[in-house]
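What follows is one structure encoded as structure tokens, with my remarks underneath.
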Amino acid sequence: MTGDRQQDPDDARAITSRRRVLAAAALAPVLTVASPAATARALPTGAAGATGATGAGHGKRVKPVPTDLDHWAGVAKALGRGGNMLRGTTYHTGFPRRDLLVVSDGVVVTPGLALGTHVAFVRYADGSTMVMGDVVVTEDELQHVIDAWQAHGIEQTALHKHLLAQTPDLWWAHVHGHGHDAVALARGLRAGFDRTGTPPPVAPDRSTPVDLDIARMDATLGAKGSVEDGLYKTIFVRRETVTDGHLILPPGLGSTSAFNFQPLGGGRAALSGDCVMLADEVPHVLKALRRGGIKLVELHNHHLSEDPRLFFTHFWAVDDGVRLARALRRAVDATDVVPGG
């Protein structure tokens with residue numbers, strides 16, 4: 001065409017070369033910023049290698065300190081119900097969803113089997129308080145609850161299912177908070193709970209007989225279980241010291257395997273529970289559960305910055321209680337845990 005000329009190949013190569021030089025120069029500041037030190041500074045407080053406002057980074061771990069119920073009176077008032085002490089360091093409060101009629105796999109699920117919201121507070125040697133919990137919410141409640149928590153500085157560390165094909169649709173949200181005002185943390189949690197239909201507290205019934213061969217199940221699992229609200233429950237805890245960022249977790253907090261059995265008559269039970277595992281234990285546990293006829297529901301994490309890294313699998317089954325205990329024992333033996341009492 002008139003006024004156009006074909007570009008000389010040497011000119012084209014020169015232009016391309018200049019462009020490469022300019023691009024490299026433009027990227028140089030970016031490469032300088034993305035240094036290891038800058039990356040470390042960008043890590044969230046509490047993550048491995050990070051240093052937060054408390055000055056507690058990698059290698060500067062903070063231990064929990066013993067407390068009693070009186071210490072948590074303000075937290076109990078803010079939550080609107082009392083709690084109990086676990087192992088001298090952990091203040092625990094339950095919020096079972098007794099307001100819900102939940103059916104899974106043809107079984108009417110009792111609150112103690114799989115509908116128990118739980119939160120736990122721990123006081124630390126630096127004067128701070130950490131709270132973590134597992135909260136049952138309906139699908140209709142979920143986004144409203146999360147918005148309320150986020151407005152009050154309560155983080156979500158996991159969102160998943162504990163049951164298969166349940167009605168109504170439910171979700172389990174793990175929450176986390178850390179600060180120097182325990183009552184403010186409790187108020188933040190309460191803001192979310194108030195967006196749910198969680199009912200007022202009811203004293204647990206520990207006298208209801210359980211139609212299961214508890215003695216054989218205890219012997220099979222190698223642990224002494226407990227009876228509460230007509231259910232048989234067994235807990236195992238990791239042997240390792242587990243940290244959440246720079247905070248050392250009390251034994252059993254956020255690192256338990258928990259098995260709940262709801263009697264169905266004739267020695268049969270509905271089983272809902274979860275196993276805590278290290279990465280190299282996961283395949284062995286999943287195989288043991290499936291070989292025992294137990295259905296897998298979820299495989300996920302509950303924390304964001306724990307050490308060692310922990311994985312959890314939730315599962316479900318309906319079968320003879322002793323047979324279920326036998327299958328669970330093989331899963332327990334594949335993990336480094338001890339009975340939690």
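Going by the structure tokens order, chains are called A, B, ..., each with residues numbered from 1, while ligands are numbered from 1 in the order shown.
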* To do: Run DSSP on the backbone of this structure and report the residues of stretch 194-337 of chain A it assigns to alpha helix (DSSP H), as a VMD selection string.
  => chain A and resid 214 to 221 282 to 291 321 to 333
* What's the 9 Å shell around A:Val119, counting only C-alpha atoms, without same-chain residues fewer than 3 positions away, as a list of chain:residue names? ->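 That gives A:Tyr91, A:His92, A:Thr93, A:Gly94, A:Phe95, A:Val131, A:Met132, A:Gly133, A:Asp134, A:Val135, A:Val175, A:Leu189.
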* **DSSP strand (DSSP E or B) residues within stretch 104-313 of chain A, listed as an MDAnalysis selection string** => chainID A and resid 104 107:109 116:124 129:138 155:160 166:167 170:179 226:228 231:238 243:244 247:248 256:265 268:277 295:300 306:307 311:313
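Shell of A:Ala317 at 6 Å, with only C-alpha atoms counted and residues fewer than 2 places along the chain excluded, is Ala270, Leu271, Ile294 and Lys295 of chain A.
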Surrounding residues of A:Gly74 excluding itself and chain neighbours under 3 positions, 9 Å, only C-alpha atoms, as an mmCIF file with C-alpha atoms, in the first residue's frame:
data_model
loop_
_atom_site.group_PDB
_atom_site.id
_atom_site.type_symbol
_atom_site.label_atom_id
_atom_site.label_comp_id
_atom_site.auth_asym_id
_atom_site.auth_seq_id
_atom_site.Cartn_x
_atom_site.Cartn_y
_atom_site.Cartn_z
ATOM 1 C CA ASP A 70 -13.821 -17.477 88.656
ATOM 2 C CA HIS A 71 -11.314 -16.172 86.116
ATOM 3 C CA LYS A 77 -21.734 -13.500 81.321
ATOM 4 C CA ALA A 78 -20.913 -12.313 77.803
ATOM 5 C CA LEU A 79 -21.700 -15.739 76.309
ATOM 6 C CA ALA A 182 -11.231 -12.154 76.822
ATOM 7 C CA VAL A 183 -14.660 -10.592 77.343
ATOM 8 C CA ALA A 186 -16.697 -13.634 74.006
#
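The protein and nucleic acid residues lying at most 12 Å from A:Pro199 are Gly80, Arg81, Gly94, Phe95, Pro96, Arg97, Arg98, Asp99, Leu100, Pro111, Gly116, Thr117, Phe193 and Asp194 of chain A, with only C-alpha atoms considered and sequence neighbours fewer than 5 positions away removed.
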For all heavy atoms, I'd like the residues from the last selection saved as a compact mmCIF listing (two decimals), in the first residue's frame.
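Resulting contents of selection39.txt:
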# COMPACT_ATOMS: atom_id res chain seq x y z
N GLY A 80 -23.58 -15.70 77.87
CA GLY A 80 -24.95 -15.97 78.28
C GLY A 80 -25.16 -17.35 78.87
O GLY A 80 -26.30 -17.78 79.04
N ARG A 81 -24.08 -18.03 79.22
CA ARG A 81 -24.18 -19.35 79.85
C ARG A 81 -22.83 -19.72 80.46
O ARG A 81 -21.78 -19.22 80.03
CB ARG A 81 -24.62 -20.42 78.86
CG ARG A 81 -23.65 -20.71 77.74
CD ARG A 81 -24.25 -21.71 76.76
NE ARG A 81 -25.35 -21.13 76.02
CZ ARG A 81 -26.26 -21.84 75.35
NH1 ARG A 81 -26.18 -23.16 75.33
NH2 ARG A 81 -27.23 -21.24 74.69
N GLY A 94 -20.43 -25.27 75.84
CA GLY A 94 -21.17 -25.94 74.77
C GLY A 94 -22.46 -25.22 74.44
O GLY A 94 -23.11 -24.65 75.31
N PHE A 95 -22.83 -25.26 73.17
CA PHE A 95 -24.06 -24.64 72.67
C PHE A 95 -24.79 -25.64 71.77
O PHE A 95 -24.93 -25.42 70.57
CB PHE A 95 -23.76 -23.38 71.87
CG PHE A 95 -23.10 -22.27 72.62
CD1 PHE A 95 -21.75 -22.33 72.93
CD2 PHE A 95 -23.81 -21.15 73.01
CE1 PHE A 95 -21.12 -21.30 73.61
CE2 PHE A 95 -23.21 -20.11 73.69
CZ PHE A 95 -21.86 -20.19 73.99
N PRO A 96 -25.25 -26.77 72.30
CA PRO A 96 -25.89 -27.78 71.44
C PRO A 96 -27.12 -27.23 70.74
O PRO A 96 -27.91 -26.49 71.33
CB PRO A 96 -26.24 -28.90 72.41
CG PRO A 96 -26.25 -28.26 73.77
CD PRO A 96 -25.25 -27.16 73.72
N ARG A 97 -27.28 -27.62 69.47
CA ARG A 97 -28.41 -27.15 68.65
C ARG A 97 -29.63 -28.04 68.88
O ARG A 97 -30.06 -28.79 68.01
CB ARG A 97 -28.01 -27.11 67.18
CG ARG A 97 -26.95 -26.09 66.83
CD ARG A 97 -27.36 -24.65 67.14
NE ARG A 97 -28.57 -24.23 66.47
CZ ARG A 97 -28.60 -23.53 65.32
NH1 ARG A 97 -27.47 -23.18 64.74
NH2 ARG A 97 -29.76 -23.17 64.80
N ARG A 98 -30.20 -27.92 70.07
CA ARG A 98 -31.42 -28.67 70.40
C ARG A 98 -32.64 -28.15 69.67
O ARG A 98 -33.72 -28.76 69.74
CB ARG A 98 -31.64 -28.63 71.91
CG ARG A 98 -30.50 -29.22 72.74
CD ARG A 98 -30.78 -29.14 74.23
NE ARG A 98 -29.62 -29.51 75.02
CZ ARG A 98 -29.26 -30.75 75.31
NH1 ARG A 98 -30.02 -31.74 74.89
NH2 ARG A 98 -28.18 -31.00 76.02
N ASP A 99 -32.50 -27.03 68.98
CA ASP A 99 -33.62 -26.45 68.24
C ASP A 99 -33.83 -27.11 66.90
O ASP A 99 -34.86 -26.87 66.25
CB ASP A 99 -33.37 -24.96 68.03
CG ASP A 99 -32.07 -24.69 67.26
OD1 ASP A 99 -31.03 -25.23 67.68
OD2 ASP A 99 -32.10 -23.95 66.26
N LEU A 100 -32.89 -27.95 66.46
CA LEU A 100 -32.95 -28.51 65.12
C LEU A 100 -33.38 -29.97 65.13
O LEU A 100 -32.95 -30.75 65.98
CB LEU A 100 -31.58 -28.42 64.45
CG LEU A 100 -31.00 -27.02 64.27
CD1 LEU A 100 -29.57 -27.10 63.73
CD2 LEU A 100 -31.88 -26.18 63.36
N PRO A 111 -28.62 -33.99 69.53
CA PRO A 111 -27.65 -32.89 69.63
C PRO A 111 -26.26 -33.36 70.04
O PRO A 111 -25.25 -32.86 69.51
CB PRO A 111 -28.27 -31.98 70.69
CG PRO A 111 -29.73 -32.23 70.59
CD PRO A 111 -29.85 -33.69 70.27
N GLY A 116 -23.23 -30.38 68.33
CA GLY A 116 -22.72 -29.65 69.48
C GLY A 116 -21.74 -28.56 69.11
O GLY A 116 -20.61 -28.83 68.71
N THR A 117 -22.16 -27.30 69.21
CA THR A 117 -21.23 -26.18 69.10
C THR A 117 -20.39 -26.12 70.37
O THR A 117 -20.90 -26.27 71.48
CB THR A 117 -22.00 -24.86 68.93
OG1 THR A 117 -22.59 -24.82 67.63
CG2 THR A 117 -21.09 -23.65 69.11
N PHE A 193 -23.48 -16.05 67.47
CA PHE A 193 -24.48 -16.98 67.99
C PHE A 193 -25.88 -16.38 67.97
O PHE A 193 -26.87 -17.09 67.75
CB PHE A 193 -24.13 -17.38 69.43
CG PHE A 193 -22.85 -18.17 69.56
CD1 PHE A 193 -22.10 -18.11 70.72
CD2 PHE A 193 -22.39 -18.96 68.53
CE1 PHE A 193 -20.92 -18.82 70.85
CE2 PHE A 193 -21.22 -19.67 68.63
CZ PHE A 193 -20.47 -19.61 69.79
N ASP A 194 -25.96 -15.08 68.19
CA ASP A 194 -27.26 -14.41 68.20
C ASP A 194 -27.91 -14.36 66.82
O ASP A 194 -29.10 -14.04 66.71
CB ASP A 194 -27.13 -12.99 68.76
CG ASP A 194 -26.92 -12.97 70.27
OD1 ASP A 194 -27.12 -14.02 70.91
OD2 ASP A 194 -26.56 -11.90 70.80
If we count only C-alpha atoms, what is near stretch 121-129 of chain A at a cut-off of 9 Å, once residues fewer than 3 positions away on the same chain are taken out, given as a PDB file with N, CA and C atoms, in the first residue's frame?
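Written output follows (result-v9.pdb):
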ATOM      1  N   THR A  54       3.154  -8.838  69.673  1.00  0.00           N
ATOM      2  CA  THR A  54       3.630  -9.307  70.966  1.00  0.00           C
ATOM      3  C   THR A  54       5.127  -9.575  70.956  1.00  0.00           C
ATOM      4  N   VAL A  62       4.743 -19.204  73.649  1.00  0.00           N
ATOM      5  CA  VAL A  62       4.133 -18.768  74.902  1.00  0.00           C
ATOM      6  C   VAL A  62       3.284 -19.910  75.449  1.00  0.00           C
ATOM      7  N   LYS A  63       3.433 -20.189  76.738  1.00  0.00           N
ATOM      8  CA  LYS A  63       2.731 -21.306  77.365  1.00  0.00           C
ATOM      9  C   LYS A  63       1.391 -20.877  77.956  1.00  0.00           C
ATOM     10  N   PRO A  64       0.429 -21.806  77.991  1.00  0.00           N
ATOM     11  CA  PRO A  64      -0.824 -21.530  78.697  1.00  0.00           C
ATOM     12  C   PRO A  64      -0.596 -21.549  80.204  1.00  0.00           C
ATOM     13  N   VAL A  65      -1.460 -20.856  80.941  1.00  0.00           N
ATOM     14  CA  VAL A  65      -1.348 -20.829  82.399  1.00  0.00           C
ATOM     15  C   VAL A  65      -2.641 -21.373  83.006  1.00  0.00           C
ATOM     16  N   PRO A  66      -2.557 -21.984  84.190  1.00  0.00           N
ATOM     17  CA  PRO A  66      -3.768 -22.516  84.847  1.00  0.00           C
ATOM     18  C   PRO A  66      -4.736 -21.390  85.212  1.00  0.00           C
ATOM     19  N   THR A  67      -6.008 -21.683  85.104  1.00  0.00           N
ATOM     20  CA  THR A  67      -7.060 -20.763  85.521  1.00  0.00           C
ATOM     21  C   THR A  67      -8.149 -21.563  86.216  1.00  0.00           C
ATOM     22  N   TRP A  72     -13.092 -16.790  84.557  1.00  0.00           N
ATOM     23  CA  TRP A  72     -13.873 -16.687  83.331  1.00  0.00           C
ATOM     24  C   TRP A  72     -15.296 -16.187  83.557  1.00  0.00           C
ATOM     25  N   VAL A  75     -16.471 -13.818  80.878  1.00  0.00           N
ATOM     26  CA  VAL A  75     -16.706 -14.523  79.616  1.00  0.00           C
ATOM     27  C   VAL A  75     -18.054 -15.246  79.661  1.00  0.00           C
ATOM     28  N   THR A  89      -6.627 -25.751  82.375  1.00  0.00           N
ATOM     29  CA  THR A  89      -6.213 -24.589  81.577  1.00  0.00           C
ATOM     30  C   THR A  89      -7.264 -24.120  80.583  1.00  0.00           C
ATOM     31  N   THR A  90      -8.201 -24.969  80.220  1.00  0.00           N
ATOM     32  CA  THR A  90      -9.128 -24.671  79.127  1.00  0.00           C
ATOM     33  C   THR A  90     -10.538 -24.458  79.665  1.00  0.00           C
ATOM     34  N   TYR A  91     -11.109 -23.287  79.367  1.00  0.00           N
ATOM     35  CA  TYR A  91     -12.485 -22.995  79.747  1.00  0.00           C
ATOM     36  C   TYR A  91     -13.377 -23.323  78.562  1.00  0.00           C
ATOM     37  N   HIS A  92     -14.288 -24.255  78.748  1.00  0.00           N
ATOM     38  CA  HIS A  92     -15.085 -24.822  77.653  1.00  0.00           C
ATOM     39  C   HIS A  92     -16.564 -24.516  77.850  1.00  0.00           C
ATOM     40  N   THR A  93     -17.232 -24.145  76.768  1.00  0.00           N
ATOM     41  CA  THR A  93     -18.672 -23.896  76.813  1.00  0.00           C
ATOM     42  C   THR A  93     -19.331 -24.561  75.609  1.00  0.00           C
ATOM     43  N   MET A 132     -10.853 -20.729  70.469  1.00  0.00           N
ATOM     44  CA  MET A 132     -11.149 -21.443  69.234  1.00  0.00           C
ATOM     45  C   MET A 132     -12.406 -22.277  69.455  1.00  0.00           C
ATOM     46  N   GLY A 133     -13.085 -22.605  68.379  1.00  0.00           N
ATOM     47  CA  GLY A 133     -14.319 -23.360  68.531  1.00  0.00           C
ATOM     48  C   GLY A 133     -14.816 -23.939  67.228  1.00  0.00           C
ATOM     49  N   GLY A 177      -9.837 -16.619  67.709  1.00  0.00           N
ATOM     50  CA  GLY A 177      -9.584 -15.245  68.104  1.00  0.00           C
ATOM     51  C   GLY A 177      -8.449 -15.192  69.109  1.00  0.00           C
ATOM     52  N   HIS A 178      -7.739 -14.073  69.124  1.00  0.00           N
ATOM     53  CA  HIS A 178      -6.609 -13.919  70.054  1.00  0.00           C
ATOM     54  C   HIS A 178      -6.470 -12.444  70.412  1.00  0.00           C
ATOM     55  N   GLY A 179      -6.385 -12.140  71.697  1.00  0.00           N
ATOM     56  CA  GLY A 179      -6.235 -10.763  72.127  1.00  0.00           C
ATOM     57  C   GLY A 179      -6.081 -10.683  73.636  1.00  0.00           C
ATOM     58  N   HIS A 180      -6.042  -9.461  74.139  1.00  0.00           N
ATOM     59  CA  HIS A 180      -5.846  -9.250  75.572  1.00  0.00           C
ATOM     60  C   HIS A 180      -7.148  -8.962  76.308  1.00  0.00           C
ATOM     61  N   ASP A 181      -8.271  -9.012  75.620  1.00  0.00           N
ATOM     62  CA  ASP A 181      -9.567  -8.774  76.250  1.00  0.00           C
ATOM     63  C   ASP A 181     -10.454  -9.992  76.012  1.00  0.00           C
ATOM     64  N   ALA A 182     -10.483 -10.910  76.977  1.00  0.00           N
ATOM     65  CA  ALA A 182     -11.231 -12.154  76.822  1.00  0.00           C
ATOM     66  C   ALA A 182     -12.725 -11.893  76.682  1.00  0.00           C
ATOM     67  N   LEU A 185     -13.605 -10.917  73.168  1.00  0.00           N
ATOM     68  CA  LEU A 185     -13.652 -12.101  72.307  1.00  0.00           C
ATOM     69  C   LEU A 185     -14.984 -12.832  72.487  1.00  0.00           C
ATOM     70  N   LEU A 247       1.578 -19.785  70.062  1.00  0.00           N
ATOM     71  CA  LEU A 247       0.878 -20.200  71.266  1.00  0.00           C
ATOM     72  C   LEU A 247       0.893 -21.721  71.409  1.00  0.00           C
ATOM     73  N   ILE A 248       1.386 -22.207  72.535  1.00  0.00           N
ATOM     74  CA  ILE A 248       1.360 -23.641  72.810  1.00  0.00           C
ATOM     75  C   ILE A 248      -0.048 -24.028  73.246  1.00  0.00           C
ATOM     76  N   LEU A 249      -0.631 -25.000  72.561  1.00  0.00           N
ATOM     77  CA  LEU A 249      -1.991 -25.426  72.892  1.00  0.00           C
ATOM     78  C   LEU A 249      -1.956 -26.404  74.063  1.00  0.00           C
ATOM     79  N   PRO A 250      -2.881 -26.263  75.012  1.00  0.00           N
ATOM     80  CA  PRO A 250      -2.981 -27.267  76.069  1.00  0.00           C
ATOM     81  C   PRO A 250      -3.267 -28.637  75.459  1.00  0.00           C
TER      82      PRO A 250
END
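The nearest approach to A:Met277 among the residues A:Leu264, A:Leu328, A:Ala191, A:Val237, with only C-alpha atoms taken into account, belongs to A:Val237.
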* State, in Å with one decimal place, the distance from atom CA of A:Arg326 to atom CA of A:Leu221. => 6.9 Å
* For A:Arg290, which residue among A:Ala327, A:Ser272, A:Gly265, A:Glu228 is the nearest when counting only C-alpha atoms? ->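 For A:Arg290, the nearest of the candidates is A:Ala327.
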Spatial neighbours of A:Ala148, 12 Å, only C-alpha atoms, chain gap at least 6 places, as a PDB file with all heavy atoms, in the first residue's frame:
ATOM      1  N   GLU A 141     -28.358 -19.591  57.959  1.00  0.00           N
ATOM      2  CA  GLU A 141     -27.713 -18.738  58.955  1.00  0.00           C
ATOM      3  C   GLU A 141     -26.278 -18.382  58.603  1.00  0.00           C
ATOM      4  O   GLU A 141     -25.743 -17.364  59.078  1.00  0.00           O
ATOM      5  CB  GLU A 141     -27.695 -19.440  60.320  1.00  0.00           C
ATOM      6  CG  GLU A 141     -29.057 -19.726  60.921  1.00  0.00           C
ATOM      7  CD  GLU A 141     -28.979 -20.687  62.109  1.00  0.00           C
ATOM      8  OE1 GLU A 141     -27.924 -21.345  62.282  1.00  0.00           O
ATOM      9  OE2 GLU A 141     -29.966 -20.790  62.844  1.00  0.00           O
ATOM     10  N   LEU A 142     -25.642 -19.201  57.786  1.00  0.00           N
ATOM     11  CA  LEU A 142     -24.185 -19.201  57.648  1.00  0.00           C
ATOM     12  C   LEU A 142     -23.584 -17.833  57.326  1.00  0.00           C
ATOM     13  O   LEU A 142     -22.695 -17.358  58.026  1.00  0.00           O
ATOM     14  CB  LEU A 142     -23.781 -20.223  56.588  1.00  0.00           C
ATOM     15  CG  LEU A 142     -22.288 -20.364  56.305  1.00  0.00           C
ATOM     16  CD1 LEU A 142     -21.539 -20.765  57.563  1.00  0.00           C
ATOM     17  CD2 LEU A 142     -22.051 -21.394  55.195  1.00  0.00           C
ATOM     18  N   ILE A 154     -13.466 -11.940  64.809  1.00  0.00           N
ATOM     19  CA  ILE A 154     -13.403 -13.394  64.983  1.00  0.00           C
ATOM     20  C   ILE A 154     -13.147 -14.032  63.617  1.00  0.00           C
ATOM     21  O   ILE A 154     -13.928 -13.848  62.683  1.00  0.00           O
ATOM     22  CB  ILE A 154     -14.696 -13.950  65.599  1.00  0.00           C
ATOM     23  CG1 ILE A 154     -14.975 -13.297  66.954  1.00  0.00           C
ATOM     24  CG2 ILE A 154     -14.620 -15.465  65.726  1.00  0.00           C
ATOM     25  CD1 ILE A 154     -13.935 -13.574  68.023  1.00  0.00           C
ATOM     26  N   GLU A 155     -12.048 -14.794  63.510  1.00  0.00           N
ATOM     27  CA  GLU A 155     -11.661 -15.382  62.238  1.00  0.00           C
ATOM     28  C   GLU A 155     -12.320 -16.741  62.030  1.00  0.00           C
ATOM     29  O   GLU A 155     -12.667 -17.431  62.988  1.00  0.00           O
ATOM     30  CB  GLU A 155     -10.142 -15.553  62.184  1.00  0.00           C
ATOM     31  CG  GLU A 155      -9.368 -14.254  62.317  1.00  0.00           C
ATOM     32  CD  GLU A 155      -7.879 -14.480  62.428  1.00  0.00           C
ATOM     33  OE1 GLU A 155      -7.477 -15.641  62.685  1.00  0.00           O
ATOM     34  OE2 GLU A 155      -7.115 -13.511  62.264  1.00  0.00           O
ATOM     35  N   GLN A 156     -12.455 -17.124  60.758  1.00  0.00           N
ATOM     36  CA  GLN A 156     -12.913 -18.462  60.399  1.00  0.00           C
ATOM     37  C   GLN A 156     -11.718 -19.237  59.850  1.00  0.00           C
ATOM     38  O   GLN A 156     -11.030 -18.757  58.947  1.00  0.00           O
ATOM     39  CB  GLN A 156     -14.028 -18.408  59.350  1.00  0.00           C
ATOM     40  CG  GLN A 156     -15.292 -17.707  59.827  1.00  0.00           C
ATOM     41  CD  GLN A 156     -15.152 -16.188  59.816  1.00  0.00           C
ATOM     42  OE1 GLN A 156     -14.860 -15.594  58.794  1.00  0.00           O
ATOM     43  NE2 GLN A 156     -15.341 -15.562  60.975  1.00  0.00           N
ATOM     44  N   ARG A 187     -17.818 -11.546  73.468  1.00  0.00           N
ATOM     45  CA  ARG A 187     -18.885 -10.747  72.857  1.00  0.00           C
ATOM     46  C   ARG A 187     -18.912 -10.924  71.345  1.00  0.00           C
ATOM     47  O   ARG A 187     -19.969 -10.937  70.717  1.00  0.00           O
ATOM     48  CB  ARG A 187     -18.703  -9.272  73.210  1.00  0.00           C
ATOM     49  CG  ARG A 187     -18.976  -8.937  74.675  1.00  0.00           C
ATOM     50  CD  ARG A 187     -18.948  -7.442  74.893  1.00  0.00           C
ATOM     51  NE  ARG A 187     -19.086  -7.109  76.301  1.00  0.00           N
ATOM     52  CZ  ARG A 187     -18.249  -6.340  76.980  1.00  0.00           C
ATOM     53  NH1 ARG A 187     -17.181  -5.815  76.371  1.00  0.00           N
ATOM     54  NH2 ARG A 187     -18.459  -6.065  78.257  1.00  0.00           N
ATOM     55  N   GLY A 188     -17.708 -11.033  70.745  1.00  0.00           N
ATOM     56  CA  GLY A 188     -17.653 -11.261  69.311  1.00  0.00           C
ATOM     57  C   GLY A 188     -18.272 -12.584  68.916  1.00  0.00           C
ATOM     58  O   GLY A 188     -19.010 -12.677  67.931  1.00  0.00           O
ATOM     59  N   LEU A 189     -17.982 -13.629  69.698  1.00  0.00           N
ATOM     60  CA  LEU A 189     -18.615 -14.924  69.444  1.00  0.00           C
ATOM     61  C   LEU A 189     -20.128 -14.828  69.607  1.00  0.00           C
ATOM     62  O   LEU A 189     -20.894 -15.351  68.789  1.00  0.00           O
ATOM     63  CB  LEU A 189     -18.055 -15.970  70.405  1.00  0.00           C
ATOM     64  CG  LEU A 189     -16.621 -16.432  70.175  1.00  0.00           C
ATOM     65  CD1 LEU A 189     -16.180 -17.330  71.316  1.00  0.00           C
ATOM     66  CD2 LEU A 189     -16.491 -17.161  68.851  1.00  0.00           C
ATOM     67  N   ARG A 190     -20.544 -14.165  70.682  1.00  0.00           N
ATOM     68  CA  ARG A 190     -21.977 -14.048  70.972  1.00  0.00           C
ATOM     69  C   ARG A 190     -22.721 -13.331  69.839  1.00  0.00           C
ATOM     70  O   ARG A 190     -23.865 -13.688  69.508  1.00  0.00           O
ATOM     71  CB  ARG A 190     -22.165 -13.290  72.293  1.00  0.00           C
ATOM     72  CG  ARG A 190     -23.616 -13.022  72.669  1.00  0.00           C
ATOM     73  CD  ARG A 190     -24.358 -14.297  73.050  1.00  0.00           C
ATOM     74  NE  ARG A 190     -25.738 -13.991  73.413  1.00  0.00           N
ATOM     75  CZ  ARG A 190     -26.142 -13.665  74.653  1.00  0.00           C
ATOM     76  NH1 ARG A 190     -25.248 -13.615  75.646  1.00  0.00           N
ATOM     77  NH2 ARG A 190     -27.399 -13.412  74.902  1.00  0.00           N
ATOM     78  N   ALA A 191     -22.069 -12.354  69.212  1.00  0.00           N
ATOM     79  CA  ALA A 191     -22.698 -11.652  68.096  1.00  0.00           C
ATOM     80  C   ALA A 191     -23.065 -12.618  66.975  1.00  0.00           C
ATOM     81  O   ALA A 191     -24.098 -12.465  66.311  1.00  0.00           O
ATOM     82  CB  ALA A 191     -21.759 -10.561  67.572  1.00  0.00           C
ATOM     83  N   GLY A 192     -22.194 -13.621  66.761  1.00  0.00           N
ATOM     84  CA  GLY A 192     -22.523 -14.630  65.751  1.00  0.00           C
ATOM     85  C   GLY A 192     -23.593 -15.583  66.227  1.00  0.00           C
ATOM     86  O   GLY A 192     -24.531 -15.903  65.487  1.00  0.00           O
ATOM     87  N   PHE A 193     -23.482 -16.052  67.472  1.00  0.00           N
ATOM     88  CA  PHE A 193     -24.478 -16.985  67.995  1.00  0.00           C
ATOM     89  C   PHE A 193     -25.877 -16.379  67.967  1.00  0.00           C
ATOM     90  O   PHE A 193     -26.867 -17.086  67.749  1.00  0.00           O
ATOM     91  CB  PHE A 193     -24.132 -17.385  69.434  1.00  0.00           C
ATOM     92  CG  PHE A 193     -22.852 -18.169  69.562  1.00  0.00           C
ATOM     93  CD1 PHE A 193     -22.098 -18.107  70.720  1.00  0.00           C
ATOM     94  CD2 PHE A 193     -22.390 -18.956  68.526  1.00  0.00           C
ATOM     95  CE1 PHE A 193     -20.924 -18.825  70.852  1.00  0.00           C
ATOM     96  CE2 PHE A 193     -21.219 -19.674  68.630  1.00  0.00           C
ATOM     97  CZ  PHE A 193     -20.475 -19.607  69.794  1.00  0.00           C
ATOM     98  N   ASP A 194     -25.960 -15.076  68.187  1.00  0.00           N
ATOM     99  CA  ASP A 194     -27.263 -14.412  68.202  1.00  0.00           C
ATOM    100  C   ASP A 194     -27.906 -14.364  66.824  1.00  0.00           C
ATOM    101  O   ASP A 194     -29.096 -14.044  66.711  1.00  0.00           O
ATOM    102  CB  ASP A 194     -27.127 -12.990  68.763  1.00  0.00           C
ATOM    103  CG  ASP A 194     -26.920 -12.970  70.269  1.00  0.00           C
ATOM    104  OD1 ASP A 194     -27.120 -14.017  70.912  1.00  0.00           O
ATOM    105  OD2 ASP A 194     -26.561 -11.898  70.804  1.00  0.00           O
ATOM    106  N   ARG A 195     -27.143 -14.675  65.786  1.00  0.00           N
ATOM    107  CA  ARG A 195     -27.710 -14.770  64.424  1.00  0.00           C
ATOM    108  C   ARG A 195     -28.209 -16.180  64.117  1.00  0.00           C
ATOM    109  O   ARG A 195     -28.600 -16.453  62.982  1.00  0.00           O
ATOM    110  CB  ARG A 195     -26.651 -14.369  63.399  1.00  0.00           C
ATOM    111  CG  ARG A 195     -26.101 -12.955  63.535  1.00  0.00           C
ATOM    112  CD  ARG A 195     -27.126 -11.909  63.151  1.00  0.00           C
ATOM    113  NE  ARG A 195     -26.556 -10.577  63.121  1.00  0.00           N
ATOM    114  CZ  ARG A 195     -26.066  -9.993  62.027  1.00  0.00           C
ATOM    115  NH1 ARG A 195     -26.086 -10.640  60.872  1.00  0.00           N
ATOM    116  NH2 ARG A 195     -25.577  -8.768  62.072  1.00  0.00           N
ATOM    117  N   THR A 196     -28.158 -17.071  65.096  1.00  0.00           N
ATOM    118  CA  THR A 196     -28.608 -18.453  64.911  1.00  0.00           C
ATOM    119  C   THR A 196     -29.807 -18.730  65.818  1.00  0.00           C
ATOM    120  O   THR A 196     -30.181 -17.910  66.662  1.00  0.00           O
ATOM    121  CB  THR A 196     -27.492 -19.457  65.260  1.00  0.00           C
ATOM    122  OG1 THR A 196     -27.324 -19.509  66.692  1.00  0.00           O
ATOM    123  CG2 THR A 196     -26.169 -19.054  64.623  1.00  0.00           C
TER     124      THR A 196
END
* To do: Go through A:Leu163, A:Gly83, A:Thr208, A:Thr243 one by one, measure the shortest atom-to-atom distance of each to A:Asp105 using only C-alpha atoms, and give the residue with the smallest value.
  =>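 Looking only at the distances to A:Asp105, the closest residue turns out to be A:Leu163.
Here atom CA of A:Asp307 stands at a distance of 5.7 Å from atom CA of A:Val242.
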